[in-house]
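So this block is data.txt, compact mmCIF, C-alpha atoms:
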# COMPACT_ATOMS: atom_id res chain seq x y z
CA MET A 1 -6.82 24.84 -0.54
CA LYS A 2 -7.89 22.96 2.58
CA ILE A 3 -5.48 20.54 4.28
CA LEU A 4 -6.74 17.63 6.38
CA VAL A 5 -4.33 16.20 8.96
CA ALA A 6 -4.97 12.89 10.74
CA ILE A 7 -3.53 12.71 14.26
CA LYS A 8 -3.45 9.81 16.69
CA ARG A 9 -3.38 9.66 20.49
CA VAL A 10 -0.65 7.26 21.66
CA ILE A 11 1.35 6.47 24.77
CA ASP A 12 4.07 9.11 25.07
CA TYR A 13 7.37 8.08 23.51
CA ALA A 14 9.25 8.66 26.79
CA VAL A 15 7.07 6.25 28.80
CA LYS A 16 8.39 2.79 29.61
CA ILE A 17 5.50 0.56 28.58
CA ARG A 18 4.30 -2.54 30.42
CA VAL A 19 2.63 -5.58 28.91
CA LYS A 20 -0.63 -6.67 30.56
CA PRO A 21 -0.39 -9.81 32.71
CA ASP A 22 -2.71 -11.70 30.35
CA LYS A 23 -0.53 -10.66 27.37
CA THR A 24 -3.49 -9.24 25.42
CA GLY A 25 -1.84 -5.86 24.91
CA VAL A 26 -0.03 -2.95 26.54
CA ASP A 27 -1.20 -1.45 29.84
CA SER A 28 -2.20 2.14 29.03
CA SER A 29 -3.84 2.97 32.36
CA SER A 30 -2.30 5.85 34.34
CA VAL A 31 0.36 6.59 31.72
CA LYS A 32 1.03 9.82 29.87
CA MET A 33 -0.59 10.04 26.43
CA SER A 34 0.39 12.45 23.67
CA MET A 35 0.15 13.08 19.95
CA ASN A 36 1.96 10.54 17.78
CA PRO A 37 5.31 12.21 16.84
CA PHE A 38 4.92 11.47 13.11
CA CYS A 39 1.40 12.99 13.15
CA GLU A 40 2.83 16.04 14.90
CA ILE A 41 5.29 16.45 12.03
CA GLY A 42 2.43 16.18 9.51
CA LEU A 43 0.48 18.90 11.36
CA GLU A 44 3.54 21.14 11.49
CA GLU A 45 4.05 20.80 7.73
CA ALA A 46 0.40 21.66 7.07
CA LEU A 47 0.69 24.75 9.29
CA ARG A 48 3.84 25.89 7.48
CA ILE A 49 2.10 25.53 4.12
CA LYS A 50 -0.81 27.62 5.40
CA GLU A 51 1.52 30.27 6.82
CA SER A 52 3.23 30.54 3.43
CA GLY A 53 -0.15 31.41 1.87
CA ARG A 54 -0.58 28.16 -0.08
CA ALA A 55 -3.46 26.83 2.03
CA SER A 56 -6.57 28.47 3.45
CA GLU A 57 -7.41 26.10 6.29
CA VAL A 58 -5.91 23.27 8.34
CA VAL A 59 -8.33 20.74 9.83
CA ALA A 60 -7.11 18.19 12.42
CA VAL A 61 -8.91 14.84 12.65
CA SER A 62 -8.63 12.11 15.25
CA VAL A 63 -10.41 8.76 15.53
CA GLY A 64 -10.73 6.99 18.88
CA PRO A 65 -12.07 7.29 22.43
CA SER A 66 -13.30 10.48 24.10
CA GLN A 67 -9.81 11.27 25.41
CA CYS A 68 -8.72 12.04 21.83
CA VAL A 69 -10.25 15.49 22.40
CA ASP A 70 -7.17 16.40 24.48
CA THR A 71 -4.89 15.51 21.57
CA LEU A 72 -7.04 17.54 19.19
CA ARG A 73 -6.84 20.54 21.51
CA THR A 74 -3.06 20.24 21.34
CA GLY A 75 -3.39 20.40 17.55
CA LEU A 76 -5.63 23.48 17.84
CA ALA A 77 -3.10 25.10 20.17
CA MET A 78 -0.36 24.47 17.62
CA GLY A 79 -2.39 26.36 15.02
CA ALA A 80 -5.02 24.14 13.40
CA ASP A 81 -8.16 26.07 12.44
CA ARG A 82 -10.70 23.33 13.20
CA ALA A 83 -10.84 19.86 14.70
CA ILE A 84 -13.00 16.81 14.06
CA HIS A 85 -13.34 13.86 16.43
CA VAL A 86 -14.77 10.56 15.27
CA GLU A 87 -15.54 8.84 18.55
CA TYR A 88 -15.14 5.09 18.85
CA PRO A 89 -14.24 3.46 22.18
CA GLY A 90 -13.07 0.09 20.86
CA THR A 91 -9.94 -1.13 19.10
CA LEU A 92 -9.34 0.32 15.64
CA TYR A 93 -7.19 -1.14 12.89
CA PRO A 94 -5.73 0.69 9.86
CA LEU A 95 -8.39 -0.30 7.30
CA SER A 96 -11.23 0.92 9.54
CA VAL A 97 -9.44 4.23 10.15
CA ALA A 98 -8.80 4.61 6.42
CA LYS A 99 -12.50 4.09 5.67
CA ILE A 100 -13.48 6.70 8.27
CA LEU A 101 -10.99 9.20 6.84
CA ARG A 102 -12.30 8.53 3.33
CA ALA A 103 -15.82 9.40 4.51
CA LEU A 104 -14.53 12.64 6.05
CA VAL A 105 -12.71 13.51 2.82
CA HIS A 106 -16.01 13.30 0.95
CA ILE A 107 -17.49 15.76 3.49
CA GLU A 108 -14.57 18.19 3.84
CA LYS A 109 -13.18 17.94 0.28
CA PRO A 110 -9.54 18.82 1.12
CA GLY A 111 -6.86 19.37 -1.50
CA LEU A 112 -4.17 17.59 0.51
CA LEU A 113 -4.01 14.97 3.28
CA PHE A 114 -1.17 14.59 5.77
CA LEU A 115 -0.71 11.54 8.00
CA GLY A 116 2.22 10.33 10.05
CA LYS A 117 4.05 7.51 8.26
CA GLN A 118 3.24 5.24 11.22
CA ALA A 119 2.06 5.30 14.83
CA ILE A 120 4.61 4.52 17.52
CA ASP A 121 2.17 2.23 19.36
CA ASP A 122 1.39 -0.37 16.67
CA ASP A 123 3.98 0.59 13.98
CA CYS A 124 1.55 -0.55 11.30
CA ASN A 125 2.54 1.96 8.57
CA GLN A 126 -0.62 1.13 6.61
CA THR A 127 -3.32 3.78 7.05
CA GLY A 128 -1.94 6.35 4.60
CA GLN A 129 -1.43 3.79 1.86
CA MET A 130 -4.88 2.24 2.40
CA LEU A 131 -6.53 5.67 2.37
CA ALA A 132 -4.85 6.61 -0.90
CA GLY A 133 -6.00 3.32 -2.39
CA LEU A 134 -9.60 3.81 -1.25
CA LEU A 135 -9.65 7.38 -2.60
CA GLN A 136 -7.66 6.46 -5.73
CA TRP A 137 -5.40 9.45 -5.02
CA PRO A 138 -1.64 9.67 -5.62
CA GLN A 139 0.48 9.01 -2.54
CA GLY A 140 3.91 10.03 -1.31
CA THR A 141 5.07 8.09 1.75
CA PHE A 142 8.01 8.67 4.15
CA ALA A 143 8.22 12.31 2.99
CA SER A 144 11.36 14.20 4.07
CA LYS A 145 10.60 17.25 1.88
CA VAL A 146 7.34 18.59 0.39
CA VAL A 147 7.14 21.38 -2.21
CA LEU A 148 3.76 22.56 -3.51
CA ASP A 149 3.15 24.08 -6.94
CA GLN A 150 -0.36 25.51 -6.74
CA GLU A 151 -0.32 26.85 -10.29
CA ASN A 152 0.16 23.38 -11.75
CA LYS A 153 -1.65 21.67 -8.85
CA VAL A 154 1.21 19.28 -8.10
CA ALA A 155 3.28 18.37 -5.04
CA THR A 156 6.92 17.33 -5.25
CA VAL A 157 7.86 14.89 -2.49
CA ASP A 158 11.32 13.66 -1.52
CA ARG A 159 10.91 10.31 0.20
CA GLU A 160 13.45 8.18 2.03
CA VAL A 161 14.08 4.73 0.61
CA ASP A 162 16.70 2.08 1.37
CA GLY A 163 19.00 3.32 -1.39
CA GLY A 164 18.76 7.04 -0.55
CA LEU A 165 16.16 9.60 -1.67
CA GLU A 166 13.42 9.20 -4.27
CA THR A 167 11.60 12.24 -5.72
CA LEU A 168 7.94 11.96 -6.73
CA CYS A 169 5.67 14.45 -8.47
CA LEU A 170 2.06 14.00 -7.35
CA ASP A 171 -1.07 15.50 -8.89
CA LEU A 172 -3.27 17.12 -6.26
CA PRO A 173 -5.32 16.10 -4.36
CA ALA A 174 -2.90 13.61 -2.83
CA VAL A 175 -2.03 11.71 0.36
CA ILE A 176 1.36 12.34 1.99
CA THR A 177 2.78 10.49 5.00
CA THR A 178 5.53 12.25 6.93
CA ASP A 179 8.93 11.08 8.13
CA LEU A 180 11.12 12.38 10.97
CA ARG A 181 13.41 14.60 8.89
CA LEU A 182 10.61 16.64 7.30
CA ASN A 183 10.57 19.32 10.02
CA GLN A 184 10.83 20.12 13.72
CA PRO A 185 7.33 20.64 15.20
CA ARG A 186 6.66 23.84 17.13
CA TYR A 187 5.64 24.04 20.78
CA ALA A 188 2.17 25.32 21.58
CA THR A 189 2.28 28.63 23.44
CA LEU A 190 0.35 29.14 26.68
CA PRO A 191 -2.05 31.74 25.17
CA ASN A 192 -2.87 29.37 22.32
CA ILE A 193 -3.37 26.47 24.74
CA MET A 194 -5.90 28.58 26.65
CA LYS A 195 -7.68 29.63 23.45
CA ALA A 196 -7.85 26.00 22.26
CA LYS A 197 -9.83 25.01 25.37
CA SER A 198 -12.81 27.09 24.22
CA LYS A 199 -12.83 25.98 20.58
CA VAL A 200 -15.65 23.70 19.43
CA ILE A 201 -14.64 20.25 18.19
CA LYS A 202 -17.05 18.73 15.69
CA LYS A 203 -18.04 15.18 16.58
CA PHE A 204 -19.03 12.19 14.48
CA THR A 205 -19.46 8.48 15.05
CA PRO A 206 -18.66 5.76 12.50
CA GLN A 207 -22.41 5.25 12.12
CA ASP A 208 -22.84 8.93 11.16
CA LEU A 209 -20.31 8.33 8.37
CA ASN A 210 -21.88 5.02 7.29
CA VAL A 211 -18.70 3.14 8.16
CA GLU A 212 -18.97 -0.34 9.65
CA ILE A 213 -16.18 -1.13 12.10
CA LYS A 214 -15.11 -4.74 11.96
CA SER A 215 -11.91 -6.40 12.99
CA ASP A 216 -9.83 -7.79 10.14
CA LEU A 217 -6.94 -8.61 12.47
CA GLU A 218 -6.59 -10.66 15.64
CA VAL A 219 -3.87 -10.01 18.23
CA VAL A 220 -2.78 -13.44 19.40
CA GLN A 221 -0.27 -12.38 22.03
CA VAL A 222 1.83 -9.41 23.10
CA THR A 223 5.15 -10.12 24.82
CA GLU A 224 8.13 -8.05 25.89
CA PRO A 225 11.36 -8.43 23.92
CA PRO A 226 13.95 -10.75 25.51
CA LYS A 227 16.28 -9.07 27.97
CA ARG A 228 19.80 -8.45 26.71
CA LYS A 229 22.58 -10.45 28.31
CA ALA A 230 25.33 -8.61 30.14
CA GLY A 231 28.43 -7.81 28.12
CA VAL A 232 31.77 -9.54 28.57
CA ILE A 233 35.15 -7.82 28.76
CA LEU A 234 37.81 -9.73 26.84
CA SER A 235 41.53 -9.37 27.38
CA THR A 236 42.92 -10.36 23.94
CA VAL A 237 41.99 -10.21 20.27
CA ASP A 238 42.40 -13.99 20.04
CA GLU A 239 39.78 -14.47 22.74
CA LEU A 240 37.41 -12.14 20.85
CA LEU A 241 37.89 -14.05 17.61
CA ASP A 242 37.32 -17.35 19.40
CA LYS A 243 33.99 -16.16 20.82
CA LEU A 244 32.86 -14.70 17.49
CA LYS A 245 33.69 -17.95 15.74
CA ASN A 246 32.57 -20.59 18.24
CA GLU A 247 29.85 -18.89 20.31
CA ALA A 248 28.28 -16.19 18.15
CA ARG A 249 29.14 -18.12 14.95
CA VAL A 250 29.32 -14.94 12.87
CA ILE A 251 32.72 -15.63 11.32
Now that the file is in, can you turn its structure into structure tokens?
Amino acid sequence: MKILVAIKRVIDYAVKIRVKPDKTGVDSSSVKMSMNPFCEIGLEEALRIKESGRASEVVAVSVGPSQCVDTLRTGLAMGADRAIHVEYPGTLYPLSVAKILRALVHIEKPGLLFLGKQAIDDDCNQTGQMLAGLLQWPQGTFASKVVLDQENKVATVDREVDGGLETLCLDLPAVITTDLRLNQPRYATLPNIMKAKSKVIKKFTPQDLNVEIKSDLEVVQVTEPPKRKAGVILSTVDELLDKLKNEARVI
């Protein structure tokens, strides 16, 4: 079974982001970029499945500008067998990405797809669900545990919901989006990082895949969240109750 893993290049989670002066988006110039943490978890799960003998190949896919190659090489260094880059320099929204991934599925014919549940830059949490809908495949989102039964061609997925855990049984092929508690991704070793630099990354464009990129969303404005006010030290319980009642109006 082949596993396809979608990975996204995002601003590193440890970077303090800055909004552009014209409020059209986030300033990504001269900041550290890395693989989306949820995508990293999806890749790690695919690699563990392969190492257990239940998959024959792991293919990493990224859609975006030329710099995505660096993120794909990180995936290769972690253990992915092959990488595919669909190059597009402009802004991409979830539906366009889902259509591109659908086209790649028709080419690669994987038995399982892993995506991060969401990207930490736009927090859309839509691509996996849209892709499953376009493919008409079963989907398990927010996965915290994945168990494959190759004999019966099913995947059992524990997913986190508001009330606790929900267990789904999915017929393969299927789409699974990964949550934080699924696993702890490995670090790429230096020898594997060096080997990844010489590996060939297959390239496509949306035109090669017969996918038309069009914007179905418009970003009106991006602003920073309001700054928190300084805390106040109160001397008595009565003073606290007075502020909760008359200022915060929560009691």
>> Residues within 10 Å of Leu101 in chain A, please, as a ChimeraX atom specification. Count only C-alpha atoms; anything in the same chain fewer than 6 positions from it doesn't count.
In response: /A:4-6,61-63,86,95,107,113,127-128,131,134-135,209,211
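Taking CA of Met1 in chain A and CA of Ser56 in chain A as the two end points, the separation is 5.4 Å.
You can rank A:Leu76, A:Thr236, A:Ile251, A:Ser66 by their closest distance to Gly90 in chain A using only C-alpha atoms, and at the top of that list sits A:Ser66.
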If I wrap all listed atoms of range 130-142 of chain A in a box with edges along x, y and z and add 4 Å on each side, what are its centre and edge lengths in Å to one decimal, as JSON?
{"center_x": -0.8, "center_y": 6.1, "center_z": -0.8, "size_x": 25.7, "size_y": 15.8, "size_z": 17.9}
>> With all atoms listed in the file as the counted atoms, please give the residues lying no more than 7 Å from Pro65 in chain A, apart from itself and same-chain residues fewer than 4 positions off, as a PyMOL selection string.
In response: chain A and resi 87-89
> Which polymer residues have any atom within 10 Å of an atom of Leu165 in chain A, counting all atoms listed in the file, with same-chain residues fewer than 5 positions away left out, as a list in words?
Replying inline: Ala143, Ser144, Val157, Asp158, Arg159 and Glu160 of chain A
> At what distance in Å, to one decimal, does CA of Ile11 in chain A lie from CA of Gly42 in chain A?
Replying inline: 18.1 Å
Residue rebuild result range 79-90 of chain A, all heavy atoms as a PDB file, in the frame of the given file:
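Result file follows (selection-v5.pdb):
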ATOM      1  N   GLY A  79      -2.012  25.456  16.097  1.00  0.00           N
ATOM      2  CA  GLY A  79      -2.390  26.360  15.020  1.00  0.00           C
ATOM      3  C   GLY A  79      -3.456  25.861  14.074  1.00  0.00           C
ATOM      4  O   GLY A  79      -3.838  26.574  13.139  1.00  0.00           O
ATOM      5  N   ALA A  80      -3.954  24.649  14.268  1.00  0.00           N
ATOM      6  CA  ALA A  80      -5.020  24.140  13.400  1.00  0.00           C
ATOM      7  C   ALA A  80      -6.262  25.015  13.536  1.00  0.00           C
ATOM      8  O   ALA A  80      -6.560  25.518  14.618  1.00  0.00           O
ATOM      9  CB  ALA A  80      -5.349  22.691  13.745  1.00  0.00           C
ATOM     10  N   ASP A  81      -6.984  25.208  12.439  1.00  0.00           N
ATOM     11  CA  ASP A  81      -8.160  26.070  12.440  1.00  0.00           C
ATOM     12  C   ASP A  81      -9.379  25.376  13.035  1.00  0.00           C
ATOM     13  O   ASP A  81     -10.174  25.991  13.743  1.00  0.00           O
ATOM     14  CB  ASP A  81      -8.483  26.511  11.003  1.00  0.00           C
ATOM     15  CG  ASP A  81      -7.342  27.302  10.400  1.00  0.00           C
ATOM     16  OD1 ASP A  81      -7.126  28.440  10.837  1.00  0.00           O
ATOM     17  OD2 ASP A  81      -6.659  26.774   9.497  1.00  0.00           O
ATOM     18  N   ARG A  82      -9.544  24.090  12.720  1.00  0.00           N
ATOM     19  CA  ARG A  82     -10.700  23.330  13.200  1.00  0.00           C
ATOM     20  C   ARG A  82     -10.258  21.933  13.584  1.00  0.00           C
ATOM     21  O   ARG A  82      -9.161  21.494  13.212  1.00  0.00           O
ATOM     22  CB  ARG A  82     -11.781  23.231  12.116  1.00  0.00           C
ATOM     23  CG  ARG A  82     -12.496  24.528  11.797  1.00  0.00           C
ATOM     24  CD  ARG A  82     -13.736  24.286  10.929  1.00  0.00           C
ATOM     25  NE  ARG A  82     -13.420  23.830   9.589  1.00  0.00           N
ATOM     26  CZ  ARG A  82     -13.819  22.671   9.069  1.00  0.00           C
ATOM     27  NH1 ARG A  82     -14.530  21.820   9.788  1.00  0.00           N
ATOM     28  NH2 ARG A  82     -13.510  22.343   7.825  1.00  0.00           N
ATOM     29  N   ALA A  83     -11.136  21.243  14.313  1.00  0.00           N
ATOM     30  CA  ALA A  83     -10.840  19.860  14.700  1.00  0.00           C
ATOM     31  C   ALA A  83     -12.097  19.018  14.583  1.00  0.00           C
ATOM     32  O   ALA A  83     -13.204  19.498  14.835  1.00  0.00           O
ATOM     33  CB  ALA A  83     -10.295  19.803  16.127  1.00  0.00           C
ATOM     34  N   ILE A  84     -11.906  17.778  14.192  1.00  0.00           N
ATOM     35  CA  ILE A  84     -13.000  16.810  14.060  1.00  0.00           C
ATOM     36  C   ILE A  84     -12.627  15.560  14.831  1.00  0.00           C
ATOM     37  O   ILE A  84     -11.518  15.035  14.691  1.00  0.00           O
ATOM     38  CB  ILE A  84     -13.258  16.453  12.581  1.00  0.00           C
ATOM     39  CG1 ILE A  84     -13.681  17.696  11.788  1.00  0.00           C
ATOM     40  CG2 ILE A  84     -14.330  15.370  12.461  1.00  0.00           C
ATOM     41  CD1 ILE A  84     -13.778  17.452  10.278  1.00  0.00           C
ATOM     42  N   HIS A  85     -13.570  15.082  15.659  1.00  0.00           N
ATOM     43  CA  HIS A  85     -13.340  13.860  16.430  1.00  0.00           C
ATOM     44  C   HIS A  85     -14.374  12.819  16.036  1.00  0.00           C
ATOM     45  O   HIS A  85     -15.582  13.052  16.162  1.00  0.00           O
ATOM     46  CB  HIS A  85     -13.443  14.166  17.929  1.00  0.00           C
ATOM     47  CG  HIS A  85     -13.286  12.954  18.787  1.00  0.00           C
ATOM     48  ND1 HIS A  85     -13.935  12.788  19.998  1.00  0.00           N
ATOM     49  CD2 HIS A  85     -12.557  11.822  18.605  1.00  0.00           C
ATOM     50  CE1 HIS A  85     -13.600  11.622  20.515  1.00  0.00           C
ATOM     51  NE2 HIS A  85     -12.769  11.008  19.696  1.00  0.00           N
ATOM     52  N   VAL A  86     -13.889  11.695  15.545  1.00  0.00           N
ATOM     53  CA  VAL A  86     -14.770  10.560  15.270  1.00  0.00           C
ATOM     54  C   VAL A  86     -14.624   9.614  16.461  1.00  0.00           C
ATOM     55  O   VAL A  86     -13.584   8.961  16.622  1.00  0.00           O
ATOM     56  CB  VAL A  86     -14.398   9.851  13.952  1.00  0.00           C
ATOM     57  CG1 VAL A  86     -15.354   8.692  13.701  1.00  0.00           C
ATOM     58  CG2 VAL A  86     -14.444  10.831  12.784  1.00  0.00           C
ATOM     59  N   GLU A  87     -15.649   9.565  17.292  1.00  0.00           N
ATOM     60  CA  GLU A  87     -15.540   8.840  18.550  1.00  0.00           C
ATOM     61  C   GLU A  87     -15.872   7.364  18.379  1.00  0.00           C
ATOM     62  O   GLU A  87     -16.918   6.998  17.844  1.00  0.00           O
ATOM     63  CB  GLU A  87     -16.455   9.454  19.612  1.00  0.00           C
ATOM     64  CG  GLU A  87     -16.247   8.855  20.997  1.00  0.00           C
ATOM     65  CD  GLU A  87     -16.918   9.661  22.090  1.00  0.00           C
ATOM     66  OE1 GLU A  87     -17.442  10.744  21.795  1.00  0.00           O
ATOM     67  OE2 GLU A  87     -16.903   9.193  23.246  1.00  0.00           O
ATOM     68  N   TYR A  88     -14.934   6.540  18.837  1.00  0.00           N
ATOM     69  CA  TYR A  88     -15.140   5.090  18.850  1.00  0.00           C
ATOM     70  C   TYR A  88     -14.320   4.521  19.993  1.00  0.00           C
ATOM     71  O   TYR A  88     -13.084   4.655  20.014  1.00  0.00           O
ATOM     72  CB  TYR A  88     -14.710   4.466  17.513  1.00  0.00           C
ATOM     73  CG  TYR A  88     -15.005   2.984  17.445  1.00  0.00           C
ATOM     74  CD1 TYR A  88     -16.302   2.519  17.224  1.00  0.00           C
ATOM     75  CD2 TYR A  88     -13.988   2.042  17.617  1.00  0.00           C
ATOM     76  CE1 TYR A  88     -16.573   1.154  17.174  1.00  0.00           C
ATOM     77  CE2 TYR A  88     -14.262   0.682  17.571  1.00  0.00           C
ATOM     78  CZ  TYR A  88     -15.557   0.249  17.344  1.00  0.00           C
ATOM     79  OH  TYR A  88     -15.827  -1.106  17.305  1.00  0.00           O
ATOM     80  N   PRO A  89     -14.959   3.881  20.978  1.00  0.00           N
ATOM     81  CA  PRO A  89     -14.240   3.460  22.180  1.00  0.00           C
ATOM     82  C   PRO A  89     -13.435   2.168  22.022  1.00  0.00           C
ATOM     83  O   PRO A  89     -12.567   1.878  22.846  1.00  0.00           O
ATOM     84  CB  PRO A  89     -15.379   3.252  23.194  1.00  0.00           C
ATOM     85  CG  PRO A  89     -16.573   2.883  22.348  1.00  0.00           C
ATOM     86  CD  PRO A  89     -16.418   3.653  21.073  1.00  0.00           C
ATOM     87  N   GLY A  90     -13.716   1.395  20.996  1.00  0.00           N
ATOM     88  CA  GLY A  90     -13.070   0.090  20.860  1.00  0.00           C
ATOM     89  C   GLY A  90     -11.740   0.162  20.122  1.00  0.00           C
ATOM     90  O   GLY A  90     -11.204   1.231  19.826  1.00  0.00           O
TER      91      GLY A  90
END
